[in-house]
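S.K.: Sharing a structure here in C-alpha cells format.
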Amino acid sequence: MAQYTLLLLEATGIQDYIFGSNELAQNIGASELVTQATSLWVFQTLDALGLRHNVPNHNGEYVIDKDIGHYKIADRSITDKLDTEVIYANGGNALMLFAKDAQAKEFTTLLTRKVLLEAPGLQIVCAREEVDWENKVLRDKYQDLRRTLARRKGARSFSTPLVGLGATAACAFTGLPAVAQDDEDHLISATVKGKLDAQEAGLERLHQVLPEARAKKFGFVYDFDLFGKKGESSFIAVIHTDGNSMGNRIEEHGAPYSTPNTNAAYAQALREFSKTVNVAATNALRATLSMLISSCDAQDKFGGVVPLPKPKGHSQLPFRPIVFGGDDVTFVCEGRLGLALAAKYLKEFAQQKLADKKPAHARAGIAVVKSHFPFSRAYELAGDLCASARDYIRKRRTEHQEENLTAMDWHLAISGLVRGITEIRQREYTASEGNLYMRPYRLTDGNKDKPHAWDSFLYVANEFRRPDGGWADKRNKVKALRDALRGGSAATQQFRLNYGIDALPAIPDRSQMMLQGWQGGECGYFDVIEALDMFVPLEGSGTP
C-alpha cells in the first residue's frame, strides 16, 4: 500500500512584510524573498536532503521556463520513482508530495530554518496530510489541507521580537536592533538587511520575466523619488490585481479526478493550471511593458507628457512590478500612467485562456497617491478598490448571469487620505441625487453595460480633451461644470444654458445624462473631470 504525504506551505503576513516600508528597494527585496522561500529555496532544500524530485537542474542551475521567466517544473509523478513531486511552487505558496512522511518533516525543518536565517520577519505556515494513494482521493485531501492551513494561519502565535538592550542601536526603519548599515549609512535591522540584499536577485528575475526592457536598454525605477518630475507631478499609482474566482475554478477543474486511480492525473492538472495562470499573468505584463515602451516618443516622454527618468544618465522606466508570478500582481508606476497601464494589463490578461479552457479574468484597484504617502496605506487602498471591482463583478454575475468579467476601480488621493474608501465616497462623492462617480468600469463585454464600460470613459475623456470640442484648456469652464454636477440636475441644466451648450458628451444608454449630467442616481462626468490632469492615455490601453 502506497502511503504518501501531501505538504502545503504558504508565506503569510506578506502585506506588512512587503509593503510596510516606504523604501521601494525594500519592497522589491521583500517580494523576492517571498518568491525564493516558496520556489528556489524549496528546490535547494530538496537537493540538500538528497531527494529525487521533478525540478530540472542543468549544470547546477535550475532551468528557467521562458514562457513565464520562472523555474520549470517537469510533469513527473511521485509514482515515477521520485522522493518528492513538486506540484507547484511559486507566488508565495508551494504544494508537494513526499514518498515518506519523515522526509516531509525533515524538509519542513530545514526550509523554515533557512527562512528564519535568510529572511528574518518572513512567516511561513505549513500543513501536511497523509494520503493513502490507492484508496483515498488526492483532490479531497488537497481541499482538507487547504482548510487546515487556513485554520493554522488564523491560530498561529505571533512572535514578539526583542526590541533591543541598553547598548543596542536601533534600525532607522523598523526600530529593531541594528546589525548593519545601508548605502546611505542608515542603521538597519536584520529584516531590512535581508530585503536589501535580495533586491538584485529581484531585478534579475524581473528581467527574466520582462526581457524586452533589457533588450531595449531600459532599466526599472528603483526609488519612489524617480516617479514624476519635481514641480510638475510627484504622484505614484499603486495597482493591485487579483484573479476572479480562482479557488472555485481550481475546484471545478479538479472535479473529474474523483477516484484514487486519477490521483496522479489530478496532481498534473493542478500543476498545469498553476502554470497557465503564471503564463497568462506574464503575457499580460509583457504586453503592458511593450505598450509603455512603444509610447515613449522622440522627446523621451510617455504619451507625450510623462518624462523618462534618467538618474545618472541611465534610462529607467517609470514602472516597476513588485509582486508577480501568479494571478495576484502588484505594480507601481508614475501616477498619470496608472489607469492606462492597469487597463492594458487587465485587457491582455482577459485574452488568455487557462488550463480549464476558459478565459482568464481579473479585477484591479488603482490608488494614485503622492510619492511619499505611506506605501502600506496606498497598497491597502488599492486592495479596497480591487474589492470594489470584485463586488461589481459579483453583482453582474448574480443579476445578469455574466461570466468572464474584468473590471477596475480607482481613487485619486490628490490631497492625501486618512479615511477608508467607503467613508470617503460617502462624504465627498455623494450628492442629493446619488453618486458622483460611475466607477468601477468594466474592460470586457462593454456592450452589456455601456455606461460603465472603460471605452465609454475614454470617449468622454477624449471629448473633453479634443482641441475643437470646446473644453480643452478651459479650466474655468470645466471647474464650473464640476461644481454644477455637485449641485444636481437643475444646476447642470442651468450651466448648459449659461454656456450655450446643447448637450454634454454622449454616454451610451444614458440620453438624460447628456442634458442633466445625472441619470439613475449616477453622475456621468465627474470621473472624467477629476481624472483630466491625472490620466495620460497610451495607445493600446483602449479605444476612445
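Labeling convention for the C-alpha cells: chains A, B, ... as they appear, residues from 1 per chain, ligands from 1 in order of appearance.
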Within 8 Å of A:Leu149, counting only C-alpha atoms, which residues qualify if same-chain residues fewer than 3 places away don't, as a compact mmCIF listing (two decimals) with C-alpha atoms, in the first residue's frame?
M.R.:
# COMPACT_ATOMS: atom_id res chain seq x y z
CA LEU A 8 1.30 22.66 1.60
CA VAL A 125 2.98 28.33 7.59
CA CYS A 126 2.97 24.62 6.72
CA ALA A 127 0.47 21.78 6.93
CA LEU A 145 -5.24 20.52 3.62
CA ARG A 146 -6.21 24.00 2.43
CA ARG A 152 -3.40 27.26 11.24
CA LYS A 153 -2.80 30.73 9.80
S.K.: When DSSP is applied to the backbone of this structure, which of stretch 10-185 of chain A are assigned alpha helix (DSSP H)? Write them out as number ranges by chain.
M.R.: A: 14-19, 24-37, 40-48, 101-118, 138-155
S.K.: So which residues of stretch 56-115 of chain A fall under strand (DSSP E) by DSSP, listed as a list in words?
M.R.: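 Of stretch 56-115 of chain A, only Asn57, His58, Glu61, Tyr62, Ile64, Asp65, His70, Tyr71, Thr84, Glu85, Val86, Ile87, Tyr88, Ala89, Asn90, Asn93, Ala94, Leu95, Met96, Leu97 and Phe98 of chain A fall in strand (DSSP E).
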S.K.: Just the residues within 9 Å of A:Ala213, please, counting only C-alpha atoms, with nothing from its chain fewer than 6 positions along; format it as a count of residues only.
M.R.: 7
S.K.: What gap, in Å, lies between atom CA of A:Ala237 and atom CA of A:Ile529?
M.R.: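 Calculated distance between atom CA of A:Ala237 and atom CA of A:Ile529 is 18.2 Å.
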